[in-house]
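S.K.: One structure is given below, represented as structure tokens, and several questions about it will come after.
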Amino acid sequence: MGHSGALTARADCSQPEENLPMDLPPTFSRPGGAAPAVWCGAPPPDDEGQRLFFLRSTGLLDTTASAAFDRITRLASQIFEVPISLISLVDEQRQWFKSRVGLDVDETPREVSFCAYCVSDRAPLVVPDARQDARFAGNLLVTGAPGIRFYAGAPLVLPTGHVLGSLCIIDTRPRAFSAAQLQLLQDLAALVMSQIDLHQLAGRVHEVTRLPNRAQLADDLRAACRDARAGGQCTLMLLDLMGNDQLHSAVRAIGIARLESALRSVASQLLGWLPAGAALYHVSESRLAVLLVHAGAHAPQDDFASGLLARFDQPLWLNGLSVQLHVDAGLARFRLLPGEAEDALRRASTALHGARAAQQRLAWHQPADDAPHQRAYALLHSIPAALAAGEFRLVYQPKLNLRSGRFSGVEALARWRSAQHGDVSPAEFVALIESTALIHEFTEWVLHQALAQLAAWRAQGLELTMAVNVSARNLEHPHFLRMLRNACALHDVPAPALHLECTENAVIAGTRTARVLQEVLALGVSISLDDFGVGYSNLACLHSLPVQLLKLDQSLIKPIAADVRALALVRSLILMGHSLGYRLLAEGVESAEVLDILAREGCDAAQGYHLSRPLEASAAADFLRAAPAVAALAAPVSAS
């Protein structure tokens, strides 16, 4: 029954209707951009644009037969002993039958529709004899096939009050219809509406904006691939109405209900701004997608996307508030071929993230954009197996105590030599791991490996401290402290020999993290603030940070030999840190001149390639046993 079609919320190619509520869309487009039809039958209701929006949002038009709906039409035909029973959905220029008994066509023009009167009047319609009714006596469905004489229809009414169409029964002879029979027909219409509700709950419409959702977009793209000529051109434009921070701020400020109303308003306005034939979807919490199908190889240029974004430059009045949306867009061109169409949303999302990373409002997807993301995905999914296969190892970078002139500790640094990907940079894999729950398993592995090595060195007479990096997510894990205690006990390493290095965002992340750090200190484990000077630099809480050591980031240290202002900054940080009771370690020491300056300025410790590169365990032990004094480090130390 009927042909397979796609649910689309489409832009109006005529002028918007007047006086529509802000959170509902204007009239939908007429096929081919035609002028409004001249209605020969029932006039459209005043809210026709809104009604059509909700009708098409149901996702029912042009769908295949449904046993649930067919049962109702069969039941109506049997109960009322009529030859014809229909579930009629009144579209802009047609009535389309979701289910039909006794009729051989899928649709008829709207101007001959009896059901259109149910829509217009928002009330049941009973016509005992159509030949005696001036509205229908000349109707083609009366004068010709199927020869309608009797008609009774009960409107299909949404909770919003909009009428989709009707459940109707038709006879080819006149007949009376009692009030009790009409009530029974309305009860059956209520069953139809229950089925429509179930259909929508199946996940084709976004519950807030009533726009087609991501699942429907996928279906529509598949349908377009089936129906289009091979290689037809499309563009998918992904719009992010507000970032996560702005979204959460809006929820706190105005509440979810008003935010949802605002999203409906934006969706309504956006529909009015789109060109004819464009389809709008609500694909995630605050993201909308615009699908444009082009004739031939034509594709829109940047000015289309830029012009659309420019609409958001002016504040929008939503629920009495002036709201400035910072809308970003990612666009992807693709052909109507199954592989490309299925990948369109991912490409547009990649372009959107690229726009944000470049601090641009919009970006087009480029094939080269995919490589980093695909590599990141491949690396992330190979990490668990790599851990099990022993592909990760630790190397150790010595730390120099500038007070004593001796190396007294090392920092454990992870390295990955992948059988599949080769040597993977720590800058690449550490960030990936920290973004997932793998960080807990990985940090536990690092801690056990480092403590086992430290225990072996201590047994050989090397008295050292071992620094291990932990992330904010580690500190937030409920079992982190227990894991830390167990690791120290298992390897028989005294707590003061272990140093944990945390970045600034981890140290000041929140009250729970601060409480965990205080308990770490209570165990006797030392805490260092890593990369100091490049994070939040929250000086207001610097005096109360639960750390003993501040590690000055290498970006501050490298220029001090040639830049007077850089040196003044480092000198000030050293003085300030000491006055607050912290020790300071300089990272990134790559020359004897920088090392001399740091020693002269009173820095407590140093680390960097001038002193030693990160070393394998055996090489680190050899280096530490024969470590030169500070005075002998005028030239870089050779290390593997």
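In the structure tokens, each chain is lettered A, B, ... as it comes, each chain's residues begin at 1, and ligands are numbered from 1 in order of appearance.
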Would you kindly return, as a list in words, each protein, DNA or RNA residue with an atom no farther than 9 Å from any atom of A:Ser555, considering only C-alpha atoms and excluding same-chain residues fewer than 5 positions away?
M.R.: Asp531, Gly533, Val534, Glu587 and Gly588 of chain A
S.K.: Residues at most 12 Å from A:Glu111, counting only C-alpha atoms, excluding those fewer than 4 positions away in the same chain, as a list in words?
M.R.: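 Neighbouring residues, sequence-local ones excluded: Ala37, Val38, Trp39, Cys40, Gly41, Ala42, Pro43, Pro44, Val90, Asp91, Glu92, Gln93, Arg94, Gln95, Glu107, Cys115, Ala116, Tyr117, Arg135, Phe136, Gly138, Asn139, Leu140 and Leu141 of chain A.
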S.K.: Running DSSP on the backbone, which parts of stretch 25-229 of chain A land in strand (DSSP E or B), as a ChimeraX atom specification?
M.R.: /A:84-90,94-101,107-109,125-127,150-157,163-171,205,212-213
S.K.: Would you list the contacts of A:Asp133 as number ranges by chain, taking every protein, DNA or RNA residue within 12 Å and counting only C-alpha atoms, but skipping same-chain residues closer than 5 positions in sequence?
M.R.: A: 114, 126-128, 138-139, 142, 148-151, 174
S.K.: Include N, CA and C atoms and write out the residues we just selected as a PDB file, in the first residue's frame.
M.R.:
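What ended up in selection.pdb:
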ATOM      1  N   PHE A 114     -13.656  14.562   1.755  1.00  0.00           N
ATOM      2  CA  PHE A 114     -14.634  14.767   2.822  1.00  0.00           C
ATOM      3  C   PHE A 114     -13.887  14.990   4.148  1.00  0.00           C
ATOM      4  N   VAL A 126     -20.759  13.986   9.709  1.00  0.00           N
ATOM      5  CA  VAL A 126     -21.683  12.940   9.280  1.00  0.00           C
ATOM      6  C   VAL A 126     -22.486  13.470   8.099  1.00  0.00           C
ATOM      7  N   VAL A 127     -22.447  12.737   6.994  1.00  0.00           N
ATOM      8  CA  VAL A 127     -23.205  13.100   5.787  1.00  0.00           C
ATOM      9  C   VAL A 127     -24.126  11.921   5.452  1.00  0.00           C
ATOM     10  N   PRO A 128     -25.427  12.000   5.806  1.00  0.00           N
ATOM     11  CA  PRO A 128     -26.338  10.865   5.555  1.00  0.00           C
ATOM     12  C   PRO A 128     -26.492  10.551   4.073  1.00  0.00           C
ATOM     13  N   GLY A 138     -21.731  17.691  -6.085  1.00  0.00           N
ATOM     14  CA  GLY A 138     -20.971  17.692  -7.332  1.00  0.00           C
ATOM     15  C   GLY A 138     -19.586  17.095  -7.205  1.00  0.00           C
ATOM     16  N   ASN A 139     -19.280  16.524  -6.053  1.00  0.00           N
ATOM     17  CA  ASN A 139     -17.953  15.957  -5.805  1.00  0.00           C
ATOM     18  C   ASN A 139     -17.721  14.751  -6.719  1.00  0.00           C
ATOM     19  N   VAL A 142     -18.555  11.426  -5.514  1.00  0.00           N
ATOM     20  CA  VAL A 142     -19.991  11.162  -5.399  1.00  0.00           C
ATOM     21  C   VAL A 142     -20.570  10.855  -6.776  1.00  0.00           C
ATOM     22  N   ILE A 148     -19.858   7.679  -3.433  1.00  0.00           N
ATOM     23  CA  ILE A 148     -20.139   7.900  -2.014  1.00  0.00           C
ATOM     24  C   ILE A 148     -21.557   8.447  -1.832  1.00  0.00           C
ATOM     25  N   ARG A 149     -22.279   7.827  -0.929  1.00  0.00           N
ATOM     26  CA  ARG A 149     -23.571   8.370  -0.496  1.00  0.00           C
ATOM     27  C   ARG A 149     -23.495   8.741   0.991  1.00  0.00           C
ATOM     28  N   PHE A 150     -23.138   7.778   1.807  1.00  0.00           N
ATOM     29  CA  PHE A 150     -23.022   8.038   3.244  1.00  0.00           C
ATOM     30  C   PHE A 150     -21.544   8.198   3.619  1.00  0.00           C
ATOM     31  N   TYR A 151     -21.288   9.149   4.540  1.00  0.00           N
ATOM     32  CA  TYR A 151     -19.918   9.362   5.051  1.00  0.00           C
ATOM     33  C   TYR A 151     -20.007   9.718   6.527  1.00  0.00           C
ATOM     34  N   PRO A 174     -27.432   5.775   1.049  1.00  0.00           N
ATOM     35  CA  PRO A 174     -27.706   6.666   2.172  1.00  0.00           C
ATOM     36  C   PRO A 174     -28.052   5.850   3.421  1.00  0.00           C
TER      37      PRO A 174
END
S.K.: Would you please give, as a list in words, all residues of stretch 510-551 of chain A that DSSP assigns to alpha helix (DSSP H) based on the backbone?
M.R.: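 Everything in stretch 510-551 of chain A that counts as alpha helix (DSSP H) is Thr511, Arg512, Thr513, Ala514, Arg515, Val516, Leu517, Gln518, Glu519, Val520, Leu521, Ala522 and Leu523 of chain A.
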S.K.: Can I get the selected residues back with C-alpha atoms, as a PDB file, in the first residue's frame?
M.R.:
ATOM      1  CA  THR A 511      36.412  19.318  46.787  1.00  0.00           C
ATOM      2  CA  ARG A 512      36.491  15.534  46.273  1.00  0.00           C
ATOM      3  CA  THR A 513      39.837  15.723  44.477  1.00  0.00           C
ATOM      4  CA  ALA A 514      41.239  18.003  47.168  1.00  0.00           C
ATOM      5  CA  ARG A 515      40.100  15.541  49.826  1.00  0.00           C
ATOM      6  CA  VAL A 516      41.770  12.647  47.996  1.00  0.00           C
ATOM      7  CA  LEU A 517      45.022  14.615  47.700  1.00  0.00           C
ATOM      8  CA  GLN A 518      44.972  15.353  51.416  1.00  0.00           C
ATOM      9  CA  GLU A 519      44.623  11.631  52.095  1.00  0.00           C
ATOM     10  CA  VAL A 520      47.498  10.914  49.700  1.00  0.00           C
ATOM     11  CA  LEU A 521      49.652  13.329  51.705  1.00  0.00           C
ATOM     12  CA  ALA A 522      48.533  11.632  54.906  1.00  0.00           C
ATOM     13  CA  LEU A 523      49.944   8.360  53.541  1.00  0.00           C
TER      14      LEU A 523
END
S.K.: Counting only C-alpha atoms, which residues of stretch 252-363 of chain A sit at most 12 Å from some atom of stretch 46-64 of chain A, and what is each one's closest atom pair with its distance in Å to one decimal, listed by chain and rising residue number, as a tab-separated table?
M.R.:
residue	atom	partner	partner_atom	distance
A:Ala267	CA	A:Phe53	CA	11.5
A:Ser268	CA	A:Gln50	CA	9.8
A:Leu271	CA	A:Phe53	CA	10.3
A:Gly272	CA	A:Gly49	CA	11.2
A:Ala279	CA	A:Arg56	CA	11.5
A:Leu280	CA	A:Ser57	CA	10.8
A:Tyr281	CA	A:Ser57	CA	10.1
A:His282	CA	A:Ser57	CA	11.3
S.K.: Find the residues of stretch 171-218 of chain A that sit at most 12 Å from stretch 337-348 of chain A; for each, write down the nearest two atoms and how far apart they are in Å, to one decimal. Count only C-alpha atoms. Sort by chain, then by number going up, and give it as JSON lines.
M.R.:
{"residue": "A:Arg214", "atom": "CA", "partner": "A:Leu345", "partner_atom": "CA", "distance": 9.1}
{"residue": "A:Ala215", "atom": "CA", "partner": "A:Glu342", "partner_atom": "CA", "distance": 11.3}
{"residue": "A:Leu217", "atom": "CA", "partner": "A:Leu345", "partner_atom": "CA", "distance": 9.2}
{"residue": "A:Ala218", "atom": "CA", "partner": "A:Glu342", "partner_atom": "CA", "distance": 6.9}
S.K.: Save out the residues we just selected, N, CA and C atoms, as an mmCIF file, in the first residue's frame.
M.R.:
data_model
loop_
_atom_site.group_PDB
_atom_site.id
_atom_site.type_symbol
_atom_site.label_atom_id
_atom_site.label_comp_id
_atom_site.auth_asym_id
_atom_site.auth_seq_id
_atom_site.Cartn_x
_atom_site.Cartn_y
_atom_site.Cartn_z
ATOM 1 N N ARG A 214 17.727 11.775 14.243
ATOM 2 C CA ARG A 214 18.887 11.203 13.553
ATOM 3 C C ARG A 214 18.542 9.876 12.887
ATOM 4 N N ALA A 215 17.716 9.064 13.537
ATOM 5 C CA ALA A 215 17.320 7.796 12.926
ATOM 6 C C ALA A 215 16.556 8.039 11.632
ATOM 7 N N LEU A 217 16.840 10.705 9.727
ATOM 8 C CA LEU A 217 17.810 11.194 8.741
ATOM 9 C C LEU A 217 18.496 10.023 8.044
ATOM 10 N N ALA A 218 18.884 9.030 8.829
ATOM 11 C CA ALA A 218 19.538 7.860 8.237
ATOM 12 C C ALA A 218 18.603 7.153 7.257
#
S.K.: Would you pick out the contacts of A:Glu285 at 12 Å or less, using only C-alpha atoms, so that residues sharing its chain but fewer than 6 positions from it are not included, and give the list as an NGL selection string?
M.R.: :A and (206-209 or 213-214 or 239-244 or 247-248 or 256 or 259-260 or 263)
S.K.: Got a sec: who's within 6 Å of A:Pro614, counting only C-alpha atoms, leaving out chain neighbours fewer than 2 positions off, as a VMD selection string?
M.R.: chain A and resid 395 to 397
S.K.: Can you pull out every residue within 6 Å of A:Ile84, counting only C-alpha atoms, but drop anything in the same chain fewer than 6 positions away, and send it as a list in words?
M.R.: Val101, Gly102, Ile169 and Ile170 of chain A
S.K.: With distances taken over only C-alpha atoms, which residue among A:Asp303, A:Asp369, A:Glu463, A:Asp121 lies nearest A:Val493?
M.R.: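 Looking at the shortest contact to A:Val493, the residue is A:Glu463.
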S.K.: Just how far from atom CA of A:Ser572 is atom CA of A:Gly409, in Å to one decimal?
M.R.: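 Pair atom CA of A:Gly409 / atom CA of A:Ser572 returns 25.7 Å.
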S.K.: Do you know which residues are at most 12 Å from stretch 380-392 of chain A counting only C-alpha atoms, after dropping those on the same chain fewer than 3 positions away, and could you put them as a short mmCIF file (atom, residue, chain, number, x, y, z; two decimals) with N, CA and C atoms, in the first residue's frame?
M.R.:
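See selection23.cif below for the written result:
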data_model
loop_
_atom_site.label_atom_id
_atom_site.label_comp_id
_atom_site.auth_asym_id
_atom_site.auth_seq_id
_atom_site.Cartn_x
_atom_site.Cartn_y
_atom_site.Cartn_z
N HIS A 373 41.53 11.47 13.04
CA HIS A 373 40.47 10.87 13.84
C HIS A 373 40.44 9.36 13.69
N GLN A 374 40.67 8.89 12.47
CA GLN A 374 40.68 7.45 12.24
C GLN A 374 41.88 6.80 12.93
N ARG A 375 43.01 7.51 12.92
CA ARG A 375 44.18 6.98 13.62
C ARG A 375 43.92 6.96 15.13
N ALA A 376 43.35 8.03 15.66
CA ALA A 376 43.06 8.08 17.09
C ALA A 376 42.13 6.94 17.49
N TYR A 377 41.13 6.70 16.67
CA TYR A 377 40.19 5.62 16.96
C TYR A 377 40.89 4.27 16.94
N VAL A 395 60.23 4.27 30.68
CA VAL A 395 61.59 4.81 30.70
C VAL A 395 61.65 5.82 31.84
N LEU A 413 58.10 7.49 32.71
CA LEU A 413 57.41 7.95 31.50
C LEU A 413 57.07 6.76 30.62
N ALA A 414 55.85 6.70 30.15
CA ALA A 414 55.40 5.55 29.36
C ALA A 414 55.82 5.70 27.90
N ARG A 415 56.15 4.58 27.29
CA ARG A 415 56.46 4.51 25.87
C ARG A 415 55.68 3.35 25.27
N TRP A 416 55.32 3.51 23.99
CA TRP A 416 54.53 2.46 23.31
C TRP A 416 55.15 2.16 21.95
N ARG A 417 55.61 0.95 21.81
CA ARG A 417 56.06 0.45 20.51
C ARG A 417 55.03 -0.58 20.05
N SER A 418 54.14 -0.13 19.19
CA SER A 418 53.02 -0.96 18.75
C SER A 418 53.42 -1.86 17.60
N ALA A 419 53.00 -3.12 17.68
CA ALA A 419 53.25 -4.04 16.58
C ALA A 419 52.52 -3.60 15.32
N GLN A 420 51.41 -2.90 15.49
CA GLN A 420 50.60 -2.47 14.34
C GLN A 420 50.94 -1.07 13.87
N HIS A 421 51.21 -0.16 14.82
CA HIS A 421 51.36 1.26 14.49
C HIS A 421 52.80 1.78 14.63
N GLY A 422 53.72 0.94 15.07
CA GLY A 422 55.08 1.41 15.28
C GLY A 422 55.20 2.20 16.57
N ASP A 423 56.23 3.05 16.67
CA ASP A 423 56.41 3.87 17.87
C ASP A 423 55.35 4.98 17.88
N VAL A 424 54.59 5.02 18.97
CA VAL A 424 53.52 6.00 19.11
C VAL A 424 53.95 7.03 20.15
N SER A 425 53.85 8.29 19.80
CA SER A 425 54.28 9.36 20.70
C SER A 425 53.43 9.41 21.96
N PRO A 426 54.07 9.62 23.12
CA PRO A 426 53.29 9.79 24.35
C PRO A 426 52.29 10.94 24.25
N GLU A 428 50.55 11.62 21.91
CA GLU A 428 49.38 11.13 21.19
C GLU A 428 48.59 10.15 22.04
N PHE A 429 49.25 9.14 22.60
CA PHE A 429 48.47 8.09 23.25
C PHE A 429 48.03 8.46 24.67
N VAL A 430 48.80 9.27 25.37
CA VAL A 430 48.39 9.63 26.74
C VAL A 430 47.09 10.43 26.73
N ALA A 431 46.97 11.38 25.81
CA ALA A 431 45.74 12.17 25.72
C ALA A 431 44.55 11.28 25.38
N LEU A 432 44.75 10.29 24.51
CA LEU A 432 43.67 9.37 24.16
C LEU A 432 43.23 8.56 25.38
N ILE A 433 44.20 8.03 26.10
CA ILE A 433 43.88 7.21 27.26
C ILE A 433 43.16 8.03 28.33
N GLU A 434 43.62 9.26 28.54
CA GLU A 434 43.01 10.09 29.57
C GLU A 434 41.56 10.45 29.26
N SER A 435 41.17 10.33 27.99
CA SER A 435 39.80 10.67 27.61
C SER A 435 38.82 9.53 27.85
N THR A 436 39.31 8.38 28.29
CA THR A 436 38.44 7.22 28.47
C THR A 436 38.69 6.58 29.85
N ALA A 437 37.85 5.60 30.16
CA ALA A 437 38.00 4.87 31.42
C ALA A 437 39.26 4.01 31.44
N LEU A 438 39.93 3.86 30.30
CA LEU A 438 41.19 3.11 30.26
C LEU A 438 42.25 3.75 31.16
N ILE A 439 42.07 5.01 31.49
CA ILE A 439 43.09 5.70 32.29
C ILE A 439 43.30 5.03 33.63
N HIS A 440 42.26 4.41 34.18
CA HIS A 440 42.41 3.76 35.49
C HIS A 440 43.27 2.51 35.39
N GLU A 441 42.99 1.67 34.41
CA GLU A 441 43.80 0.47 34.21
C GLU A 441 45.23 0.84 33.84
N PHE A 442 45.37 1.85 33.00
CA PHE A 442 46.71 2.24 32.55
C PHE A 442 47.54 2.81 33.70
N THR A 443 46.96 3.69 34.50
CA THR A 443 47.69 4.27 35.63
C THR A 443 48.08 3.20 36.64
N GLU A 444 47.19 2.24 36.86
CA GLU A 444 47.53 1.15 37.79
C GLU A 444 48.71 0.35 37.26
N TRP A 445 48.72 0.09 35.94
CA TRP A 445 49.85 -0.63 35.35
C TRP A 445 51.14 0.16 35.52
N VAL A 446 51.10 1.47 35.22
CA VAL A 446 52.30 2.32 35.36
C VAL A 446 52.80 2.30 36.80
N GLN A 449 54.46 -1.05 37.66
CA GLN A 449 55.74 -1.18 36.98
C GLN A 449 56.80 -0.28 37.60
#
S.K.: When you count only C-alpha atoms, which of these residues is closest to A:Ala562: A:Leu615, A:Val594, A:Val327, A:Ala310?
M.R.: A:Val594
